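**Student:** Can you read through this structure? Questions will come right after.
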Amino acid sequence: VKSSLYARWNPPSSFTLGGRNLTAVAMIRISRDGRISRIDMKRTSGHRIFDQSVMAALTDSSALPPFPKDYKENYLDVEITFRPEDR
């Protein structure tokens with residue numbers, strides 16, 4: 001899940017971030033069909049442009065793989081930490 005979301009994430013340049021190492025934490029709910037049905041920012045970075053880039057990656061990520069047939073739950077809540085150095 002993280003690699004799929006990171007592939008869609010376009011964080012601001014280090015110049016825009018002023019050289020700061022920022023982190024944002026999001027909680028998403030993934031439905032059985034792979035659709036993201038809920039997005040909550042658990043911890044913002046405090047940098048508006050950085051946080052907007054995280055939200056854009058999450059809202060643009062509508063095509064995650066569906067759950068395996070043997071997974072019985074209707075959804076999965078996942079916490080994802082976004083850090084530019086992890087890309």
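Chain labels A, B, ... are given in the sequence in which chains occur in the structure tokens; within each chain residues are numbered consecutively from 1, and ligands are likewise numbered from 1 in the order shown.
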Could you find all residues in chain A that DSSP calls alpha helix (DSSP H) from the backbone, and write them as an MDAnalysis selection string?
**Tutor:** chainID A and resid 2:8 14:17 48:59
**Student:** Any chance you could list, as a ChimeraX atom specification, the residues in chain A that come up strand (DSSP E or B) when DSSP is run on the backbone?
**Tutor:** /A:24-31,36-43,75-82
**Student:** Go ahead and save the residues from that selection, with N, CA and C atoms, as a PDB file, in the first residue's frame.
**Tutor:**
ATOM      1  N   ALA A  24       4.434  13.789   7.900  1.00  0.00           N
ATOM      2  CA  ALA A  24       2.980  13.836   8.083  1.00  0.00           C
ATOM      3  C   ALA A  24       2.495  12.398   8.217  1.00  0.00           C
ATOM      4  N   VAL A  25       1.479  12.211   9.054  1.00  0.00           N
ATOM      5  CA  VAL A  25       0.932  10.879   9.274  1.00  0.00           C
ATOM      6  C   VAL A  25      -0.551  10.904   8.912  1.00  0.00           C
ATOM      7  N   ALA A  26      -0.951   9.969   8.062  1.00  0.00           N
ATOM      8  CA  ALA A  26      -2.340   9.876   7.627  1.00  0.00           C
ATOM      9  C   ALA A  26      -2.889   8.497   7.956  1.00  0.00           C
ATOM     10  N   MET A  27      -4.188   8.452   8.213  1.00  0.00           N
ATOM     11  CA  MET A  27      -4.901   7.192   8.398  1.00  0.00           C
ATOM     12  C   MET A  27      -5.893   7.090   7.240  1.00  0.00           C
ATOM     13  N   ILE A  28      -5.845   5.965   6.540  1.00  0.00           N
ATOM     14  CA  ILE A  28      -6.789   5.763   5.444  1.00  0.00           C
ATOM     15  C   ILE A  28      -7.584   4.490   5.695  1.00  0.00           C
ATOM     16  N   ARG A  29      -8.784   4.449   5.170  1.00  0.00           N
ATOM     17  CA  ARG A  29      -9.605   3.247   5.198  1.00  0.00           C
ATOM     18  C   ARG A  29      -9.723   2.753   3.759  1.00  0.00           C
ATOM     19  N   ILE A  30      -9.333   1.514   3.572  1.00  0.00           N
ATOM     20  CA  ILE A  30      -9.383   0.899   2.248  1.00  0.00           C
ATOM     21  C   ILE A  30     -10.541  -0.084   2.226  1.00  0.00           C
ATOM     22  N   SER A  31     -11.416   0.053   1.242  1.00  0.00           N
ATOM     23  CA  SER A  31     -12.547  -0.854   1.074  1.00  0.00           C
ATOM     24  C   SER A  31     -12.107  -2.113   0.349  1.00  0.00           C
ATOM     25  N   ILE A  36     -10.093   3.915  -1.601  1.00  0.00           N
ATOM     26  CA  ILE A  36      -9.871   4.610  -0.330  1.00  0.00           C
ATOM     27  C   ILE A  36     -11.160   5.338   0.015  1.00  0.00           C
ATOM     28  N   SER A  37     -11.770   4.932   1.123  1.00  0.00           N
ATOM     29  CA  SER A  37     -13.079   5.473   1.469  1.00  0.00           C
ATOM     30  C   SER A  37     -13.033   6.507   2.588  1.00  0.00           C
ATOM     31  N   ARG A  38     -11.887   6.639   3.249  1.00  0.00           N
ATOM     32  CA  ARG A  38     -11.751   7.648   4.306  1.00  0.00           C
ATOM     33  C   ARG A  38     -10.290   8.059   4.409  1.00  0.00           C
ATOM     34  N   ILE A  39     -10.076   9.357   4.609  1.00  0.00           N
ATOM     35  CA  ILE A  39      -8.728   9.892   4.798  1.00  0.00           C
ATOM     36  C   ILE A  39      -8.760  10.828   6.004  1.00  0.00           C
ATOM     37  N   ASP A  40      -7.880  10.578   6.945  1.00  0.00           N
ATOM     38  CA  ASP A  40      -7.743  11.454   8.107  1.00  0.00           C
ATOM     39  C   ASP A  40      -6.269  11.769   8.292  1.00  0.00           C
ATOM     40  N   MET A  41      -5.957  13.044   8.439  1.00  0.00           N
ATOM     41  CA  MET A  41      -4.590  13.434   8.768  1.00  0.00           C
ATOM     42  C   MET A  41      -4.453  13.336  10.280  1.00  0.00           C
ATOM     43  N   LYS A  42      -3.674  12.369  10.742  1.00  0.00           N
ATOM     44  CA  LYS A  42      -3.481  12.193  12.178  1.00  0.00           C
ATOM     45  C   LYS A  42      -2.491  13.205  12.722  1.00  0.00           C
ATOM     46  N   ARG A  43      -1.466  13.517  11.905  1.00  0.00           N
ATOM     47  CA  ARG A  43      -0.479  14.516  12.315  1.00  0.00           C
ATOM     48  C   ARG A  43       0.004  15.249  11.071  1.00  0.00           C
ATOM     49  N   TYR A  75     -13.201  -3.757   5.281  1.00  0.00           N
ATOM     50  CA  TYR A  75     -12.268  -2.640   5.117  1.00  0.00           C
ATOM     51  C   TYR A  75     -11.025  -2.888   5.950  1.00  0.00           C
ATOM     52  N   LEU A  76     -10.004  -2.074   5.672  1.00  0.00           N
ATOM     53  CA  LEU A  76      -8.747  -2.130   6.408  1.00  0.00           C
ATOM     54  C   LEU A  76      -8.302  -0.705   6.673  1.00  0.00           C
ATOM     55  N   ASP A  77      -8.043  -0.383   7.938  1.00  0.00           N
ATOM     56  CA  ASP A  77      -7.506   0.926   8.302  1.00  0.00           C
ATOM     57  C   ASP A  77      -5.986   0.825   8.324  1.00  0.00           C
ATOM     58  N   VAL A  78      -5.331   1.776   7.642  1.00  0.00           N
ATOM     59  CA  VAL A  78      -3.873   1.759   7.513  1.00  0.00           C
ATOM     60  C   VAL A  78      -3.335   3.140   7.868  1.00  0.00           C
ATOM     61  N   GLU A  79      -2.310   3.166   8.714  1.00  0.00           N
ATOM     62  CA  GLU A  79      -1.618   4.411   9.039  1.00  0.00           C
ATOM     63  C   GLU A  79      -0.353   4.487   8.189  1.00  0.00           C
ATOM     64  N   ILE A  80      -0.164   5.630   7.541  1.00  0.00           N
ATOM     65  CA  ILE A  80       0.987   5.812   6.656  1.00  0.00           C
ATOM     66  C   ILE A  80       1.720   7.085   7.045  1.00  0.00           C
ATOM     67  N   THR A  81       3.028   6.970   7.197  1.00  0.00           N
ATOM     68  CA  THR A  81       3.875   8.115   7.497  1.00  0.00           C
ATOM     69  C   THR A  81       4.558   8.565   6.216  1.00  0.00           C
ATOM     70  N   PHE A  82       4.435   9.837   5.911  1.00  0.00           N
ATOM     71  CA  PHE A  82       5.047  10.421   4.713  1.00  0.00           C
ATOM     72  C   PHE A  82       6.258  11.245   5.124  1.00  0.00           C
TER      73      PHE A  82
END
**Student:** I need the residue nearest A:Ala56 from this list: A:Lys2, A:Arg87, A:Arg8, A:Arg35. Use only C-alpha atoms for the distance.
**Tutor:**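 Closest residue, counting only C-alpha atoms: A:Arg8.
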**Student:** Near A:Gly46, counting only C-alpha atoms, which residues have an atom at most 10 Å away, once you skip same-chain residues fewer than 3 positions from it, shown as a PyMOL selection string?
**Tutor:** chain A and resi 22-24+43+49-51
**Student:** May I ask which of the residues A:Tyr6, A:His47, A:Gln52, A:Phe67 is the closest one to A:Gly18, counting only C-alpha atoms?
**Tutor:** A:His47
